[in-house]
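Everything on this sheet refers to the single structure shown next.
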Amino acid sequence: MPYSLRRLLMGTPLPTSRMSHERIGPAVGLSVFSADALSSVAYGTEEVLLALVVAGTAGLSLSIYPAIAISVLIAIVAFSYRQTIMHYPDGGGAYIVAKDNLGVYPGLIAGAALLIDYVLTVAVSVTSGVAAVVSAFPMLAEHRVAISITMIGLVALINLRGTRESGCVFAGPTYLFILSMVGLIVAGLLTHFTGEVHPITHVEWLPAVAKAVTPFLLLRAFASGCAALTGIEAVANGVRAFRDPSAANAIKVMVALAVLLFTMFLGISWLAHVYQVTPDPTAHETVVSQIAAAVFGRGFLYYIIQGATAMILFLAVNTSFADFPRLSSLLARDGYLPRQMANLGDRLVFSNGIIILALAASFLVLLFGGLTHALIPLYAVGVFLAFTLSQTGMVIRWWRKRESGWHAGLIINSLGAVTTAVVLAVILMVKFAAGAWMVVVLIPLLVLEFRAIHKHYLGVAARLRLDVVEKLPVHATTVLIPVAGLHKGVIRALRFAAGLKTPSRAIHVATDPEAAAKLKQQWQKLDIDIPLDIVESPYRSLTAPLLDYVDGMLQRDPNSFVAVIIPEFVPQHWRHAFLHNQSALMLSFALRSRPNAVLISVRHSLSEPPPGPPSGKYEVQVVGAPTLAFTPSTDVEVEPPAPADVETIEPPAKPEGKPAAPPAAPPGTPPG
């Protein structure tokens, strides 16, 4: 990306000393780390109703019971994670807790489960936001995929600008959503208690033949609604993003999140129950949209609620964009992901993790057509697996260390571990065939990949370790300069090679016999004191003959080095680079597999635009050599001469120990 465009989009780079200033307080932290959990209010109740609607009105009348069970679960999990924050103030959440107390593999399983869940969170939240928009503007239904991917890119760009800046951007929509949901719940309950509720059941959306209400159906509704718990662990994972005291501020946000999520989810579920809402099987109108229309009508307040819901669902992905890169950096720091994932970008955020998350979520949206209900079966498996491992790890920690207050902590985390394990079993049982099996298969594959990456890093460290410091032998080095034709860039590279005081050779891979003959003739007339070898290439390959030449030199002396100098020129504008041959780039990749081959790039900058296309003949005067007149051709890139029509080029210096008399100057040539 051009530097000017990069600065415009992402802002100026921040020094490392600004790290502490980029941390956030509880008010902004609530918008950064709670948007995901709070946004689940928009679709959690709807998922419960969609599971029960197959039983008709009898099933929908029981929706409040799974909702109450989910609300209790929210309280248990939130206060269990409060214990985690207190004892792991450096963050890391389930990955760190499980790794420290249960072992490496449970930690990697928790890490893999959370990474998958963060990707799904982005996809589900964005598609849910699009569903809210489509509810108000049905004509946009066919563009749901394009809108979803555009929003993912926009949120990714905002996060690339930094955590504090993204938090300030998202704070307004988050608090607007909280106020609108609380206002909707209060107005709906007042209407209910005054007896003015009018049921809004859509008979046409009910099944023609209703199934019986069974315990399995209720469990399925409970498992579907547990998607409302996703995002609760985000605060525990991002403790280090808060200002000091970071743990205390994170606990404040966790408590506020638990209270708000409990109240809002249970309130919307109660309104759906008393208004007898029927979920729309076509996904053109959400449950929240129906409730808002029933309470306020389709006026100004209705569109405020729909707008706030759409914004929080779009911006809920910010929680994943805050935590996915942090978790990836921890795994990379421990050697289980590529090291690049641990690198901070210009704006003191883990830019690589943000970009990878955006690409993975966009792929999921494309794969599932932008439909939230199609993604939900994959959802919540990973997060409840991470919940269970984290809470179990805390139980082991309490039992092993028995610190002050360990009895209460053991009871809280044991309750959390047992509850989340039961929920995980229920989710797997009812969602396995619907798509949860994909997550079950993907988690072990990710763990195997983590181990493979870690094994690679351990092997690299072992091969690079200096067990015994010994005197390193000095090997001979030969310099090799690939030459396609003569121009300023080649002369600059030859001059650099001559200054190394090392045996040097130039090589020309001949794909055109006439061009090779012309180059050889020019080489001799310019009296360049570096031998030129012509290598035929009958199959017109440039890289293969050169690699064979390098391999032959290394085989003659396996302990020697070959320094390959690549003459390059840098265009005046970055966009011009695409117009030129990329042979230097291909050669550099090819030489990477030769351990004793060293690649040196000598660049010549085209700082000034040429005065015009070369035409006719002009002279190049080389100091200490006769004047050479030649006509530029298409197979040799020649920089046009200066306006004086004569240009002076210094030849490469002759290596020491090899004095050579300059050729006789033509009669009449002035001295010097």
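Residues are referred to by chain and number: the chain letter is A, B, ... according to the order shown in the structure tokens, the number counts from 1 in that chain, and ligands are numbered separately from 1 in the order shown.
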| field | Which of segment 46-246 of chain A fall in helix (DSSP H, G or I), as JSON, numbers by chain | value | {"A": [46, 47, 48, 49, 50, 51, 52, 53, 54, 55, 56, 57, 58, 59, 60, 64, 65, 66, 67, 68, 69, 70, 71, 72, 73, 74, 75, 76, 77, 78, 79, 80, 81, 82, 83, 84, 85, 86, 87, 93, 94, 95, 96, 97, 98, 99, 100, 101, 104, 105, 106, 107, 108, 109, 110, 111, 112, 113, 114, 115, 116, 117, 118, 119, 120, 121, 122, 123, 124, 125, 126, 127, 128, 129, 130, 131, 132, 133, 134, 135, 136, 138, 139, 140, 141, 142, 143, 144, 145, 146, 147, 148, 149, 150, 151, 152, 153, 154, 155, 156, 157, 158, 159, 160, 163, 164, 165, 166, 167, 168, 169, 170, 171, 172, 173, 174, 175, 176, 177, 178, 179, 180, 181, 182, 183, 184, 185, 186, 187, 188, 189, 190, 191, 192, 193, 203, 204, 205, 215, 216, 217, 218, 219, 220, 221, 222, 223, 224, 225, 226, 227, 228, 229, 234, 235, 236, 237, 239, 240, 241, 246]}
| query | Any idea what's packed within 8 Å of Ile149 of chain A, counting only C-alpha atoms, ignoring anything in its chain fewer than 3 positions away? Could you give it as JSON, numbers by chain? | reply | {"A": [145, 146, 152, 153, 362, 365]}
Output N, CA and C atoms of each residue in that selection to a file, as a PDB file, in the first residue's frame.
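Ended up saving to selection.pdb:
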ATOM      1  N   VAL A 145     -25.041 -10.472   1.330  1.00  0.00           N
ATOM      2  CA  VAL A 145     -23.643 -10.929   1.362  1.00  0.00           C
ATOM      3  C   VAL A 145     -22.691  -9.754   1.136  1.00  0.00           C
ATOM      4  N   ALA A 146     -22.978  -8.926   0.136  1.00  0.00           N
ATOM      5  CA  ALA A 146     -22.116  -7.776  -0.164  1.00  0.00           C
ATOM      6  C   ALA A 146     -22.084  -6.794   1.006  1.00  0.00           C
ATOM      7  N   ILE A 152     -17.572  -5.966   7.451  1.00  0.00           N
ATOM      8  CA  ILE A 152     -16.399  -6.621   8.045  1.00  0.00           C
ATOM      9  C   ILE A 152     -15.133  -5.832   7.711  1.00  0.00           C
ATOM     10  N   GLY A 153     -15.012  -5.419   6.451  1.00  0.00           N
ATOM     11  CA  GLY A 153     -13.845  -4.645   6.050  1.00  0.00           C
ATOM     12  C   GLY A 153     -13.765  -3.307   6.762  1.00  0.00           C
ATOM     13  N   SER A 362     -15.090 -13.246   6.250  1.00  0.00           N
ATOM     14  CA  SER A 362     -15.675 -12.966   4.932  1.00  0.00           C
ATOM     15  C   SER A 362     -15.883 -14.251   4.144  1.00  0.00           C
ATOM     16  N   VAL A 365     -19.034 -15.931   5.441  1.00  0.00           N
ATOM     17  CA  VAL A 365     -20.250 -15.247   4.958  1.00  0.00           C
ATOM     18  C   VAL A 365     -20.553 -15.673   3.526  1.00  0.00           C
TER      19      VAL A 365
END
Residues of segment 121-199 of chain A that have any atom at most 10 Å from an atom of segment 249-264 of chain A: could you tabulate them with the shortest-distance atom pair and the distance in Å to one decimal, using only C-alpha atoms, ordered by chain and increasing number, as a Markdown table?
| residue | atom | partner | partner_atom | distance |
| --- | --- | --- | --- | --- |
| A:Ile178 | CA | A:Leu260 | CA | 8.0 |
| A:Met181 | CA | A:Met264 | CA | 6.8 |
| A:Val182 | CA | A:Met264 | CA | 6.9 |
| A:Leu184 | CA | A:Met264 | CA | 9.7 |
| A:Ile185 | CA | A:Met264 | CA | 7.6 |
| task | Using only C-alpha atoms, pick whichever of A:Thr45, A:Ser351, A:Asn101, A:Ser320 has the shortest atom-to-atom distance to Leu115 of chain A. | result |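 Using only C-alpha atoms, the shortest distance to Leu115 of chain A belongs to A:Ser320.
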How close does each residue of segment 318-393 of chain A get to segment 63-81 of chain A, giving the shortest atom pair and distance in Å to one decimal for every residue with an atom at most 9 Å away, counting only C-alpha atoms, sorted by chain and residue number, as a tab-separated table?
residue	atom	partner	partner_atom	distance
A:Phe387	CA	A:Val77	CA	7.8
A:Ser390	CA	A:Tyr81	CA	8.5
A:Gln391	CA	A:Ser80	CA	7.1
Using the selection just defined, write its residues with C-alpha atoms as a compact mmCIF listing (two decimals), in the first residue's frame.
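As written to disk, out_24.txt reads:
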# COMPACT_ATOMS: atom_id res chain seq x y z
CA PHE A 387 -15.75 -22.20 29.17
CA SER A 390 -11.25 -22.57 31.80
CA GLN A 391 -13.51 -23.29 34.76
Excluding same-chain residues fewer than 6 positions from Pro15 of chain A, what lies within 9 Å of it counting only C-alpha atoms, as a PDB file with C-alpha atoms, in the first residue's frame?
ATOM      1  CA  ASP A 346       2.039   0.867  13.356  1.00  0.00           C
ATOM      2  CA  ARG A 347      -0.879   1.679  15.656  1.00  0.00           C
ATOM      3  CA  LEU A 348       0.165  -0.664  18.504  1.00  0.00           C
TER       4      LEU A 348
END
| request: Determine the nearest neighbour of Ile85 of chain A from the options A:Ala248, A:Ala223, A:Leu480, A:Leu458, counting only C-alpha atoms. | output: A:Ala248
So that I can check the surroundings of Glu233 of chain A, please list as a tab-separated table (two decimals) with N, CA and C atoms, in the first residue's frame every protein, DNA and RNA residue that reaches within 7 Å of it, counting only C-alpha atoms and ignoring chain neighbours fewer than 3 positions away.
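Written file, selection-v4.tsv:
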chain	number	residue	atom	x	y	z
A	81	TYR	N	-15.98	-16.22	35.56
A	81	TYR	CA	-14.87	-15.53	34.88
A	81	TYR	C	-14.35	-14.36	35.71
A	93	GLY	N	-7.29	-15.56	29.29
A	93	GLY	CA	-8.53	-16.31	29.42
A	93	GLY	C	-8.35	-17.80	29.45
A	236	ALA	N	-12.10	-11.33	30.06
A	236	ALA	CA	-11.00	-12.06	30.69
A	236	ALA	C	-9.82	-12.21	29.75
A	237	ASN	N	-10.08	-12.29	28.45
A	237	ASN	CA	-8.98	-12.43	27.49
A	237	ASN	C	-8.23	-11.13	27.28
| note | The residue from A:Arg240, A:Lys99, A:Arg82, A:Arg492 with the smallest atom-to-atom distance to Ile24 of chain A, counting only C-alpha atoms, is A:Arg240
| query | Which residues come within 9 Å of Leu102 of chain A, counting only C-alpha atoms, excluding same-chain residues fewer than 5 positions away, as a PyMOL selection string? | reply | chain A and resi 97+107+389+392-393+396
| note | Separating atom CA of Leu375 of chain A from atom CA of Leu157 of chain A, to the nearest tenth of an Å, is a gap of 24.1 Å
| Using only C-alpha atoms, which residues sit within 12 Å of Leu366 of chain A once same-chain residues fewer than 2 positions away are excluded, as a PyMOL selection string? | chain A and resi 123+127+143-150+359-364+368-372+374-375
Let's have the selection written as a PDB file, in the first residue's frame, with C-alpha atoms.
ATOM      1  CA  ALA A 123     -19.839 -13.836  10.658  1.00  0.00           C
ATOM      2  CA  THR A 127     -25.219 -11.288   9.127  1.00  0.00           C
ATOM      3  CA  HIS A 143     -27.483  -7.791  -1.281  1.00  0.00           C
ATOM      4  CA  ARG A 144     -26.995  -9.250   2.205  1.00  0.00           C
ATOM      5  CA  VAL A 145     -23.643 -10.929   1.362  1.00  0.00           C
ATOM      6  CA  ALA A 146     -22.116  -7.776  -0.164  1.00  0.00           C
ATOM      7  CA  ILE A 147     -23.286  -5.629   2.763  1.00  0.00           C
ATOM      8  CA  SER A 148     -21.894  -8.142   5.282  1.00  0.00           C
ATOM      9  CA  ILE A 149     -18.436  -8.271   3.712  1.00  0.00           C
ATOM     10  CA  THR A 150     -18.314  -4.490   3.384  1.00  0.00           C
ATOM     11  CA  LEU A 359     -10.548 -12.670   5.613  1.00  0.00           C
ATOM     12  CA  ALA A 360     -11.715 -15.816   7.445  1.00  0.00           C
ATOM     13  CA  ALA A 361     -15.058 -14.270   8.454  1.00  0.00           C
ATOM     14  CA  SER A 362     -15.675 -12.966   4.932  1.00  0.00           C
ATOM     15  CA  PHE A 363     -15.087 -16.460   3.583  1.00  0.00           C
ATOM     16  CA  LEU A 364     -17.695 -17.877   5.985  1.00  0.00           C
ATOM     17  CA  PHE A 368     -23.177 -19.708   3.963  1.00  0.00           C
ATOM     18  CA  GLY A 369     -24.847 -17.041   1.834  1.00  0.00           C
ATOM     19  CA  GLY A 370     -24.992 -14.444   4.614  1.00  0.00           C
ATOM     20  CA  LEU A 371     -27.727 -16.331   6.537  1.00  0.00           C
ATOM     21  CA  THR A 372     -27.454 -16.149  10.329  1.00  0.00           C
ATOM     22  CA  ALA A 374     -27.206 -21.316   8.723  1.00  0.00           C
ATOM     23  CA  LEU A 375     -24.210 -20.251  10.841  1.00  0.00           C
TER      24      LEU A 375
END
| Given the choices A:Glu568, A:Glu196, A:Glu536, A:Asp36, which gets closest to Ala322 of chain A if the distance is worked out from only C-alpha atoms? | A:Asp36
| task | Name all residues at most 10 Å from Leu448 of chain A (count only C-alpha atoms; drop same-chain ones fewer than 3 positions away) and give them as a PyMOL selection string. | result | chain A and resi 105+108-109+336+442-445+451-454
